[in-house]
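S.K.: I have a structure here, written as structure tokens, and I will follow up with some questions on it.
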Amino acid sequence: PLQLQLRSRKDNLWIARIAYKALDGTSIEREIKDPHAVETEIRTAQTKMTRDEKDISEHPIVLTVESKDLVDLTLIDLPGIARYNKHYGSEQVSQMTKKLIQQYIERKEVIILVVVPCHTDIETIEALALAEAVDPQHNRTIGVLTFPDLVNRGAERTVMDIVNNHTIPLTKGYVMMKCRSQEDIAKNKPLADSLRDEDLFFKTHPHYRALSRDQFGSQTLGKKLSIELFSSIREYVPVMLREVQEKLVWLQQELEQMGKGAPENPDERRRTLVNLLTNFCDNFCRVASGQHRHHKKEIRLFALCRKECEQLADDIVALVARDEHCVVDDDIDGSSEYDDVENDSVEYA
């Protein structure tokens with residue numbers, strides 16, 4: 001997973017940092033000074049985190065980018081559902097990637113982006129099924145349609161039905177976007193130029209120009225996500241506050257049980273040690289006599305010893321009865337000697 005943390009800043013500086021944990025457990029954090037070096041740094045991180053390019057890691061790569069052209073947004077790019085891997089069986093690698101995806105999307109405060117290529121059958125996209133399993137009402141799922149320029153001629157109406165929420169309706173709808181081509185990436189085409197080309201593509205396309213401004217464009221998607229994330233956070237603030245308060249109360253109780261720690265003065269340390277030992281002995285005596293009530297369960301050594309003494313008496317009677325050369329004392333189970341054994345059990349404990 002790639003955790004992309006976008007941060008807006010007022011000046012013209014561009015700052016980026018990448019952090020990840022290598023396969024040997026080493027934590028690595030690097031500063032990236034050139035935007036064109038981001039892809040190389042990500043590839044390097046993937047290489048150090050896995051055995052080879054076909055391997056899978058559940059640990060995230062955290063990439064933080066700050067620029068005036070960005071909106072405040074945290075995006076987690078999850079791997080697709082793999083079908084084949086030389087390290088795992090087909091079924092195993094499929095389940096691994098599905099489980100990895102589910103770990104993120106099952107959280108109620110997360111907005112789910114389902115990326116669907118326009119030139120594929122949307123009803124066969126398994127990612128939508130995974131999203132529906134954790135979000136059956138589609139209240140936090142947004143569809144992202146990509147590669148609109150690769151749609152076969154005559155199939156544009158089908159794509160328009162999808163983006164207009166007619167085929168598989170989503171509460172938060174769909175946004176269509178046209179990313180840079182591989183050729184644009186290879187030529188290091190500036191992002192600003194790509195955004196202008198994308199806007200021109202949708203405004204001049206015979207079919208897609210009918211879309212409203214909030215239905216297409218990378219910038220539209222960024223703004224929509226920022227708004228949706230803010231709404232989600234605002235909704236879950238009371239829940240988070242309650243969880244924080246519960247955690248705070250628990251930690252306070254733990255601190256009270258630990259006490260204030262050992263004193264620095266040697267005389268005070270000795271007194272503290274004596275008090276601890278005295279309290280321990282007192283607590284042990286109360287436990288042994290059955291006077292102590294533990295906060296989790298009752299501990300009564302007296303009752304346990306009494307039970308063991310009764311069992312011992314029964315065992316002695318049974319053992320003597322089996323020996324034909326011994327005389328059985330019928331009074332052993334209840335004699336004064338037995339009573340003395342029972343009364344001494346606490347002291348023995």
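Within each chain, counting starts at residue 1; across the structure tokens, chains are named A, B, ... in the order shown, with ligands numbered 1 upward in that order.
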Using only C-alpha atoms, which protein or nucleic acid residues come within 8 Å of Ser232 of chain A? Drop anything in the same chain fewer than 3 positions from it, and give the result as a VMD selection string.
M.R.: chain A and resid 109 to 111 228 to 229 235 to 236
S.K.: Once you have the residues from the selection above, write them out as a PDB file, in the first residue's frame, restricted to C-alpha atoms.
M.R.:
ATOM      1  CA  GLU A 109     -14.521   6.432   8.605  1.00  0.00           C
ATOM      2  CA  VAL A 110     -12.756   5.590   5.328  1.00  0.00           C
ATOM      3  CA  ILE A 111     -13.953   6.824   1.933  1.00  0.00           C
ATOM      4  CA  GLU A 228     -16.035  14.040   1.679  1.00  0.00           C
ATOM      5  CA  LEU A 229     -13.118  13.402   4.025  1.00  0.00           C
ATOM      6  CA  GLU A 235     -19.212  12.774  11.681  1.00  0.00           C
ATOM      7  CA  TYR A 236     -16.757  10.588  13.595  1.00  0.00           C
TER       8      TYR A 236
END
S.K.: Tell me, which residues of segment 64-152 of chain A carry DSSP alpha helix (DSSP H), written as a PyMOL selection string?
M.R.: chain A and resi 90-105+126-134
S.K.: Write a file of the just-selected residues containing N, CA and C atoms, as a CSV table (one decimal), in the first residue's frame.
M.R.:
chain,number,residue,atom,x,y,z
A,90,SER,N,-2.3,-19.4,-6.9
A,90,SER,CA,-3.2,-18.4,-7.4
A,90,SER,C,-4.3,-18.0,-6.4
A,91,GLU,N,-4.9,-19.0,-5.7
A,91,GLU,CA,-5.9,-18.8,-4.8
A,91,GLU,C,-5.4,-18.0,-3.6
A,92,GLN,N,-4.1,-18.4,-3.2
A,92,GLN,CA,-3.5,-17.8,-2.0
A,92,GLN,C,-3.2,-16.3,-2.2
A,93,VAL,N,-2.7,-16.0,-3.4
A,93,VAL,CA,-2.3,-14.6,-3.6
A,93,VAL,C,-3.6,-13.7,-3.8
A,94,SER,N,-4.6,-14.3,-4.3
A,94,SER,CA,-5.9,-13.6,-4.5
A,94,SER,C,-6.5,-13.3,-3.1
A,95,GLN,N,-6.4,-14.3,-2.2
A,95,GLN,CA,-7.0,-14.0,-0.8
A,95,GLN,C,-6.1,-13.1,-0.1
A,96,MET,N,-4.8,-13.1,-0.3
A,96,MET,CA,-3.9,-12.2,0.4
A,96,MET,C,-4.2,-10.7,0.0
A,97,THR,N,-4.3,-10.5,-1.3
A,97,THR,CA,-4.6,-9.1,-1.7
A,97,THR,C,-6.0,-8.6,-1.3
A,98,LYS,N,-7.0,-9.5,-1.3
A,98,LYS,CA,-8.3,-9.2,-0.9
A,98,LYS,C,-8.3,-8.8,0.6
A,99,LYS,N,-7.6,-9.7,1.4
A,99,LYS,CA,-7.6,-9.4,2.9
A,99,LYS,C,-6.9,-8.1,3.2
A,100,LEU,N,-5.8,-7.8,2.4
A,100,LEU,CA,-5.1,-6.5,2.6
A,100,LEU,C,-6.1,-5.3,2.3
A,101,ILE,N,-6.8,-5.4,1.2
A,101,ILE,CA,-7.8,-4.4,0.8
A,101,ILE,C,-8.9,-4.2,1.9
A,102,GLN,N,-9.4,-5.3,2.4
A,102,GLN,CA,-10.5,-5.3,3.4
A,102,GLN,C,-10.0,-4.7,4.7
A,103,GLN,N,-8.8,-4.9,5.0
A,103,GLN,CA,-8.3,-4.3,6.3
A,103,GLN,C,-8.4,-2.7,6.3
A,104,TYR,N,-8.3,-2.1,5.1
A,104,TYR,CA,-8.5,-0.7,5.0
A,104,TYR,C,-9.9,-0.2,4.8
A,105,ILE,N,-10.6,-0.9,3.9
A,105,ILE,CA,-12.0,-0.4,3.5
A,105,ILE,C,-13.0,-0.7,4.5
A,126,GLU,N,-14.4,-6.8,-9.6
A,126,GLU,CA,-14.5,-7.4,-8.2
A,126,GLU,C,-14.3,-6.4,-7.1
A,127,ALA,N,-13.6,-5.3,-7.4
A,127,ALA,CA,-13.4,-4.3,-6.4
A,127,ALA,C,-14.7,-3.7,-5.9
A,128,LEU,N,-15.7,-3.6,-6.8
A,128,LEU,CA,-17.0,-3.1,-6.4
A,128,LEU,C,-17.7,-4.0,-5.5
A,129,ALA,N,-17.5,-5.3,-5.7
A,129,ALA,CA,-18.1,-6.3,-4.8
A,129,ALA,C,-17.5,-6.2,-3.4
A,130,LEU,N,-16.2,-6.0,-3.3
A,130,LEU,CA,-15.6,-5.9,-2.0
A,130,LEU,C,-16.1,-4.7,-1.3
A,131,ALA,N,-16.2,-3.6,-2.1
A,131,ALA,CA,-16.7,-2.3,-1.4
A,131,ALA,C,-18.2,-2.5,-1.0
A,132,GLU,N,-19.0,-3.2,-1.7
A,132,GLU,CA,-20.4,-3.4,-1.4
A,132,GLU,C,-20.5,-4.3,-0.1
A,133,ALA,N,-19.5,-5.2,0.1
A,133,ALA,CA,-19.6,-6.1,1.2
A,133,ALA,C,-19.4,-5.3,2.5
A,134,VAL,N,-18.6,-4.2,2.5
A,134,VAL,CA,-18.4,-3.4,3.7
A,134,VAL,C,-19.3,-2.2,3.7
S.K.: Would you give me, as a list in words, the residues in segment 69-255 of chain A that DSSP reads as strand (DSSP E)?
M.R.: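 Filtering segment 69-255 of chain A down to strand (DSSP E) leaves Leu73, Thr74, Leu75, Ile76, Asp77, Ile112, Leu113, Val114, Val115, Val116, Pro117, Thr141, Ile142, Gly143, Val144, Leu145, Thr146, Tyr174, Val175 and Met176 of chain A.
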S.K.: Those same residues, written as a PDB file, in the first residue's frame with N, CA and C atoms?
M.R.:
ATOM      1  N   LEU A  73      -5.109  16.255   1.821  1.00  0.00           N
ATOM      2  CA  LEU A  73      -5.774  14.983   1.598  1.00  0.00           C
ATOM      3  C   LEU A  73      -4.809  13.837   1.852  1.00  0.00           C
ATOM      4  N   THR A  74      -5.299  12.774   2.459  1.00  0.00           N
ATOM      5  CA  THR A  74      -4.514  11.550   2.629  1.00  0.00           C
ATOM      6  C   THR A  74      -5.181  10.449   1.823  1.00  0.00           C
ATOM      7  N   LEU A  75      -4.422   9.864   0.919  1.00  0.00           N
ATOM      8  CA  LEU A  75      -4.940   8.847   0.005  1.00  0.00           C
ATOM      9  C   LEU A  75      -4.095   7.588   0.142  1.00  0.00           C
ATOM     10  N   ILE A  76      -4.733   6.442   0.246  1.00  0.00           N
ATOM     11  CA  ILE A  76      -4.024   5.162   0.327  1.00  0.00           C
ATOM     12  C   ILE A  76      -4.281   4.389  -0.959  1.00  0.00           C
ATOM     13  N   ASP A  77      -3.226   4.201  -1.723  1.00  0.00           N
ATOM     14  CA  ASP A  77      -3.315   3.469  -2.985  1.00  0.00           C
ATOM     15  C   ASP A  77      -3.061   1.990  -2.692  1.00  0.00           C
ATOM     16  N   ILE A 112     -14.111   5.073   0.250  1.00  0.00           N
ATOM     17  CA  ILE A 112     -13.603   4.045  -0.663  1.00  0.00           C
ATOM     18  C   ILE A 112     -13.663   4.552  -2.098  1.00  0.00           C
ATOM     19  N   LEU A 113     -12.511   4.510  -2.777  1.00  0.00           N
ATOM     20  CA  LEU A 113     -12.464   4.849  -4.190  1.00  0.00           C
ATOM     21  C   LEU A 113     -12.324   3.559  -4.992  1.00  0.00           C
ATOM     22  N   VAL A 114     -13.317   3.287  -5.832  1.00  0.00           N
ATOM     23  CA  VAL A 114     -13.253   2.112  -6.704  1.00  0.00           C
ATOM     24  C   VAL A 114     -12.899   2.591  -8.105  1.00  0.00           C
ATOM     25  N   VAL A 115     -11.689   2.243  -8.543  1.00  0.00           N
ATOM     26  CA  VAL A 115     -11.207   2.699  -9.850  1.00  0.00           C
ATOM     27  C   VAL A 115     -11.630   1.689 -10.921  1.00  0.00           C
ATOM     28  N   VAL A 116     -12.371   2.165 -11.912  1.00  0.00           N
ATOM     29  CA  VAL A 116     -12.910   1.305 -12.954  1.00  0.00           C
ATOM     30  C   VAL A 116     -12.486   1.835 -14.325  1.00  0.00           C
ATOM     31  N   PRO A 117     -11.739   1.085 -15.100  1.00  0.00           N
ATOM     32  CA  PRO A 117     -11.416   1.511 -16.476  1.00  0.00           C
ATOM     33  C   PRO A 117     -12.685   1.568 -17.322  1.00  0.00           C
ATOM     34  N   THR A 141     -18.743   5.109  -0.820  1.00  0.00           N
ATOM     35  CA  THR A 141     -18.037   4.599  -1.995  1.00  0.00           C
ATOM     36  C   THR A 141     -18.179   5.581  -3.154  1.00  0.00           C
ATOM     37  N   ILE A 142     -17.051   5.925  -3.759  1.00  0.00           N
ATOM     38  CA  ILE A 142     -17.038   6.803  -4.928  1.00  0.00           C
ATOM     39  C   ILE A 142     -16.421   6.040  -6.096  1.00  0.00           C
ATOM     40  N   GLY A 143     -17.074   6.084  -7.238  1.00  0.00           N
ATOM     41  CA  GLY A 143     -16.538   5.432  -8.420  1.00  0.00           C
ATOM     42  C   GLY A 143     -15.645   6.387  -9.209  1.00  0.00           C
ATOM     43  N   VAL A 144     -14.492   5.897  -9.636  1.00  0.00           N
ATOM     44  CA  VAL A 144     -13.565   6.698 -10.444  1.00  0.00           C
ATOM     45  C   VAL A 144     -13.386   5.990 -11.783  1.00  0.00           C
ATOM     46  N   LEU A 145     -13.814   6.620 -12.860  1.00  0.00           N
ATOM     47  CA  LEU A 145     -13.735   6.049 -14.198  1.00  0.00           C
ATOM     48  C   LEU A 145     -12.487   6.584 -14.899  1.00  0.00           C
ATOM     49  N   THR A 146     -11.654   5.690 -15.387  1.00  0.00           N
ATOM     50  CA  THR A 146     -10.394   6.083 -16.020  1.00  0.00           C
ATOM     51  C   THR A 146     -10.338   5.599 -17.476  1.00  0.00           C
ATOM     52  N   TYR A 174     -20.030   9.142  -9.412  1.00  0.00           N
ATOM     53  CA  TYR A 174     -18.810   8.812 -10.142  1.00  0.00           C
ATOM     54  C   TYR A 174     -18.121  10.091 -10.610  1.00  0.00           C
ATOM     55  N   VAL A 175     -16.815   9.984 -10.768  1.00  0.00           N
ATOM     56  CA  VAL A 175     -16.023  11.052 -11.383  1.00  0.00           C
ATOM     57  C   VAL A 175     -15.148  10.413 -12.459  1.00  0.00           C
ATOM     58  N   MET A 176     -15.170  10.993 -13.677  1.00  0.00           N
ATOM     59  CA  MET A 176     -14.343  10.474 -14.770  1.00  0.00           C
ATOM     60  C   MET A 176     -13.101  11.338 -14.912  1.00  0.00           C
TER      61      MET A 176
END
S.K.: Between A:Met160, A:Leu70, A:Leu195, A:Leu312, which is the closest to Ser212 of chain A once you count only C-alpha atoms?
M.R.: A:Met160
S.K.: Enter the distance from atom CA of Ile28 of chain A to atom CA of Pro1 of chain A, in Å, rounded to one decimal.
M.R.: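 According to the coordinates, atom CA of Ile28 of chain A and atom CA of Pro1 of chain A are separated by 16.0 Å.
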S.K.: Grab the atom CA of Arg153 of chain A to atom CA of Ser181 of chain A distance for me, in Å with one decimal place.
M.R.: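 We find that atom CA of Arg153 of chain A and atom CA of Ser181 of chain A lie 19.4 Å from each other.
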S.K.: Compile the contact shell of Gln215 of chain A as a compact mmCIF listing (two decimals) with all heavy atoms, in the first residue's frame: residues with an atom at most 12 Å away, counting only C-alpha atoms, same-chain residues fewer than 3 positions apart removed.
M.R.:
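Full text of part16.txt as output:
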# COMPACT_ATOMS: atom_id res chain seq x y z
N ILE A 142 -17.05 5.92 -3.76
CA ILE A 142 -17.04 6.80 -4.93
C ILE A 142 -16.42 6.04 -6.10
O ILE A 142 -15.37 5.40 -5.95
CB ILE A 142 -16.21 8.08 -4.66
CG1 ILE A 142 -16.84 8.88 -3.51
CG2 ILE A 142 -16.12 8.95 -5.92
CD1 ILE A 142 -16.02 10.10 -3.13
N GLY A 143 -17.07 6.08 -7.24
CA GLY A 143 -16.54 5.43 -8.42
C GLY A 143 -15.65 6.39 -9.21
O GLY A 143 -16.00 7.55 -9.41
N VAL A 144 -14.49 5.90 -9.64
CA VAL A 144 -13.56 6.70 -10.44
C VAL A 144 -13.39 5.99 -11.78
O VAL A 144 -12.87 4.88 -11.85
CB VAL A 144 -12.20 6.85 -9.75
CG1 VAL A 144 -11.26 7.69 -10.62
CG2 VAL A 144 -12.37 7.50 -8.38
N LEU A 145 -13.81 6.62 -12.86
CA LEU A 145 -13.73 6.05 -14.20
C LEU A 145 -12.49 6.58 -14.90
O LEU A 145 -12.29 7.80 -15.00
CB LEU A 145 -14.99 6.40 -15.00
CG LEU A 145 -16.32 5.93 -14.39
CD1 LEU A 145 -17.49 6.43 -15.22
CD2 LEU A 145 -16.35 4.42 -14.27
N MET A 160 -21.51 6.73 -20.43
CA MET A 160 -22.30 7.85 -19.94
C MET A 160 -23.36 7.38 -18.95
O MET A 160 -23.66 8.06 -17.97
CB MET A 160 -22.94 8.60 -21.11
CG MET A 160 -21.94 9.37 -21.97
SD MET A 160 -21.16 10.73 -21.09
CE MET A 160 -22.55 11.86 -20.92
N ILE A 162 -23.03 4.93 -16.94
CA ILE A 162 -22.33 4.64 -15.67
C ILE A 162 -22.05 5.92 -14.90
O ILE A 162 -22.37 6.03 -13.71
CB ILE A 162 -21.00 3.89 -15.95
CG1 ILE A 162 -21.28 2.52 -16.58
CG2 ILE A 162 -20.21 3.71 -14.65
CD1 ILE A 162 -20.02 1.80 -17.03
N VAL A 163 -21.46 6.91 -15.57
CA VAL A 163 -21.08 8.14 -14.89
C VAL A 163 -22.30 8.93 -14.43
O VAL A 163 -22.24 9.69 -13.45
CB VAL A 163 -20.17 9.00 -15.79
CG1 VAL A 163 -20.96 9.66 -16.90
CG2 VAL A 163 -19.41 10.03 -14.97
N ASN A 164 -23.44 8.74 -15.11
CA ASN A 164 -24.69 9.40 -14.70
C ASN A 164 -25.45 8.61 -13.64
O ASN A 164 -26.60 8.92 -13.33
CB ASN A 164 -25.58 9.65 -15.92
CG ASN A 164 -25.06 10.79 -16.79
OD1 ASN A 164 -24.54 11.79 -16.28
ND2 ASN A 164 -25.18 10.65 -18.11
N ASN A 165 -24.80 7.56 -13.12
CA ASN A 165 -25.33 6.79 -11.98
C ASN A 165 -26.56 5.96 -12.34
O ASN A 165 -27.43 5.72 -11.48
CB ASN A 165 -25.67 7.72 -10.81
CG ASN A 165 -25.09 7.23 -9.49
OD1 ASN A 165 -24.36 6.25 -9.46
ND2 ASN A 165 -25.45 7.90 -8.41
N LYS A 172 -22.61 8.57 -3.64
CA LYS A 172 -21.69 9.68 -3.86
C LYS A 172 -21.28 9.80 -5.34
O LYS A 172 -20.47 10.66 -5.69
CB LYS A 172 -20.45 9.51 -2.98
CG LYS A 172 -20.80 9.53 -1.48
CD LYS A 172 -19.57 9.57 -0.63
CE LYS A 172 -19.95 9.57 0.86
NZ LYS A 172 -20.78 10.73 1.22
N GLY A 173 -21.84 8.94 -6.19
CA GLY A 173 -21.66 9.07 -7.63
C GLY A 173 -20.30 8.69 -8.16
O GLY A 173 -19.50 8.02 -7.50
N TYR A 174 -20.03 9.14 -9.41
CA TYR A 174 -18.81 8.81 -10.14
C TYR A 174 -18.12 10.09 -10.61
O TYR A 174 -18.77 11.12 -10.82
CB TYR A 174 -19.12 7.95 -11.37
CG TYR A 174 -19.68 6.58 -11.07
CD1 TYR A 174 -21.03 6.41 -10.80
CD2 TYR A 174 -18.86 5.45 -11.08
CE1 TYR A 174 -21.56 5.14 -10.54
CE2 TYR A 174 -19.37 4.19 -10.82
CZ TYR A 174 -20.71 4.05 -10.55
OH TYR A 174 -21.23 2.80 -10.29
N VAL A 175 -16.82 9.98 -10.77
CA VAL A 175 -16.02 11.05 -11.38
C VAL A 175 -15.15 10.41 -12.46
O VAL A 175 -14.48 9.42 -12.21
CB VAL A 175 -15.13 11.78 -10.35
CG1 VAL A 175 -14.25 12.81 -11.06
CG2 VAL A 175 -15.99 12.47 -9.30
N MET A 176 -15.17 10.99 -13.68
CA MET A 176 -14.34 10.47 -14.77
C MET A 176 -13.10 11.34 -14.91
O MET A 176 -13.18 12.57 -14.81
CB MET A 176 -15.14 10.47 -16.08
CG MET A 176 -14.43 9.75 -17.22
SD MET A 176 -15.33 9.91 -18.80
CE MET A 176 -16.89 9.13 -18.38
N MET A 177 -11.96 10.70 -15.13
CA MET A 177 -10.72 11.46 -15.27
C MET A 177 -9.82 10.82 -16.32
O MET A 177 -9.88 9.61 -16.57
CB MET A 177 -10.00 11.55 -13.92
CG MET A 177 -9.70 10.21 -13.26
SD MET A 177 -9.01 10.40 -11.60
CE MET A 177 -7.46 11.18 -11.98
N ASP A 199 -8.78 18.80 -19.27
CA ASP A 199 -9.95 19.67 -19.31
C ASP A 199 -10.42 19.88 -20.75
O ASP A 199 -11.62 19.84 -21.05
CB ASP A 199 -9.60 21.00 -18.66
CG ASP A 199 -10.83 21.86 -18.41
OD1 ASP A 199 -11.72 21.42 -17.65
OD2 ASP A 199 -10.90 22.97 -18.98
N PHE A 202 -12.34 16.68 -22.22
CA PHE A 202 -13.74 16.51 -21.83
C PHE A 202 -14.64 17.60 -22.43
O PHE A 202 -15.80 17.33 -22.77
CB PHE A 202 -13.87 16.51 -20.31
CG PHE A 202 -13.43 15.22 -19.66
CD1 PHE A 202 -12.25 15.15 -18.94
CD2 PHE A 202 -14.20 14.07 -19.78
CE1 PHE A 202 -11.84 13.96 -18.35
CE2 PHE A 202 -13.80 12.88 -19.20
CZ PHE A 202 -12.61 12.83 -18.49
N LYS A 203 -14.14 18.79 -22.57
CA LYS A 203 -14.97 19.88 -23.08
C LYS A 203 -15.19 19.80 -24.59
O LYS A 203 -16.15 20.38 -25.10
CB LYS A 203 -14.32 21.23 -22.73
CG LYS A 203 -14.42 21.56 -21.24
CD LYS A 203 -13.81 22.92 -20.95
CE LYS A 203 -13.97 23.29 -19.48
NZ LYS A 203 -13.37 24.61 -19.16
N TYR A 208 -18.67 13.24 -24.00
CA TYR A 208 -18.31 13.60 -22.63
C TYR A 208 -18.49 15.08 -22.32
O TYR A 208 -18.56 15.47 -21.16
CB TYR A 208 -16.87 13.20 -22.33
CG TYR A 208 -16.59 11.73 -22.56
CD1 TYR A 208 -15.34 11.30 -23.04
CD2 TYR A 208 -17.56 10.75 -22.30
CE1 TYR A 208 -15.08 9.96 -23.25
CE2 TYR A 208 -17.31 9.41 -22.53
CZ TYR A 208 -16.07 9.02 -23.01
OH TYR A 208 -15.82 7.68 -23.23
N ARG A 209 -18.61 15.91 -23.37
CA ARG A 209 -18.80 17.34 -23.12
C ARG A 209 -20.16 17.64 -22.50
O ARG A 209 -20.40 18.75 -22.02
CB ARG A 209 -18.62 18.13 -24.41
CG ARG A 209 -19.66 17.84 -25.48
CD ARG A 209 -19.34 18.57 -26.76
NE ARG A 209 -20.32 18.30 -27.81
CZ ARG A 209 -20.21 18.74 -29.06
NH1 ARG A 209 -19.15 19.46 -29.41
NH2 ARG A 209 -21.13 18.45 -29.96
N ALA A 210 -21.04 16.64 -22.52
CA ALA A 210 -22.35 16.82 -21.89
C ALA A 210 -22.29 16.68 -20.37
O ALA A 210 -23.27 16.98 -19.67
CB ALA A 210 -23.34 15.79 -22.46
N LEU A 211 -21.15 16.22 -19.84
CA LEU A 211 -21.00 16.05 -18.40
C LEU A 211 -20.91 17.41 -17.71
O LEU A 211 -20.38 18.38 -18.27
CB LEU A 211 -19.74 15.23 -18.09
CG LEU A 211 -19.70 13.79 -18.61
CD1 LEU A 211 -18.33 13.18 -18.36
CD2 LEU A 211 -20.79 12.96 -17.94
N SER A 212 -21.39 17.46 -16.48
CA SER A 212 -21.28 18.68 -15.69
C SER A 212 -19.88 18.79 -15.09
O SER A 212 -19.13 17.81 -15.05
CB SER A 212 -22.34 18.70 -14.58
OG SER A 212 -22.15 17.61 -13.69
N SER A 218 -9.38 15.58 -12.78
CA SER A 218 -8.57 15.22 -11.62
C SER A 218 -8.75 16.22 -10.49
O SER A 218 -8.83 15.84 -9.31
CB SER A 218 -7.09 15.16 -12.02
OG SER A 218 -6.88 14.27 -13.09
N GLN A 219 -8.82 17.50 -10.83
CA GLN A 219 -9.00 18.52 -9.79
C GLN A 219 -10.38 18.40 -9.14
O GLN A 219 -10.52 18.62 -7.94
CB GLN A 219 -8.80 19.91 -10.40
CG GLN A 219 -7.36 20.18 -10.81
CD GLN A 219 -7.17 21.56 -11.40
OE1 GLN A 219 -7.98 22.01 -12.23
NE2 GLN A 219 -6.10 22.23 -11.01
N THR A 220 -11.37 18.05 -9.94
CA THR A 220 -12.71 17.84 -9.39
C THR A 220 -12.70 16.71 -8.37
O THR A 220 -13.29 16.81 -7.29
CB THR A 220 -13.72 17.52 -10.50
OG1 THR A 220 -13.83 18.65 -11.37
CG2 THR A 220 -15.09 17.19 -9.93
N LEU A 221 -12.01 15.63 -8.72
CA LEU A 221 -11.92 14.49 -7.81
C LEU A 221 -11.20 14.89 -6.52
O LEU A 221 -11.63 14.51 -5.42
CB LEU A 221 -11.18 13.33 -8.48
CG LEU A 221 -11.00 12.08 -7.62
CD1 LEU A 221 -12.33 11.48 -7.21
CD2 LEU A 221 -10.16 11.04 -8.36
N GLY A 222 -10.11 15.64 -6.64
CA GLY A 222 -9.38 16.07 -5.45
C GLY A 222 -10.24 16.91 -4.51
O GLY A 222 -10.24 16.70 -3.30
N LYS A 223 -10.98 17.86 -5.06
CA LYS A 223 -11.85 18.71 -4.24
C LYS A 223 -12.98 17.89 -3.61
O LYS A 223 -13.33 18.09 -2.45
CB LYS A 223 -12.42 19.84 -5.09
CG LYS A 223 -11.37 20.83 -5.57
CD LYS A 223 -11.99 21.89 -6.47
CE LYS A 223 -10.93 22.85 -6.98
NZ LYS A 223 -11.49 23.88 -7.91
N LYS A 224 -13.54 16.97 -4.40
CA LYS A 224 -14.64 16.13 -3.90
C LYS A 224 -14.16 15.27 -2.73
O LYS A 224 -14.85 15.16 -1.71
CB LYS A 224 -15.16 15.25 -5.03
CG LYS A 224 -16.36 14.37 -4.64
CD LYS A 224 -16.81 13.54 -5.84
CE LYS A 224 -18.01 12.67 -5.48
NZ LYS A 224 -19.22 13.47 -5.22
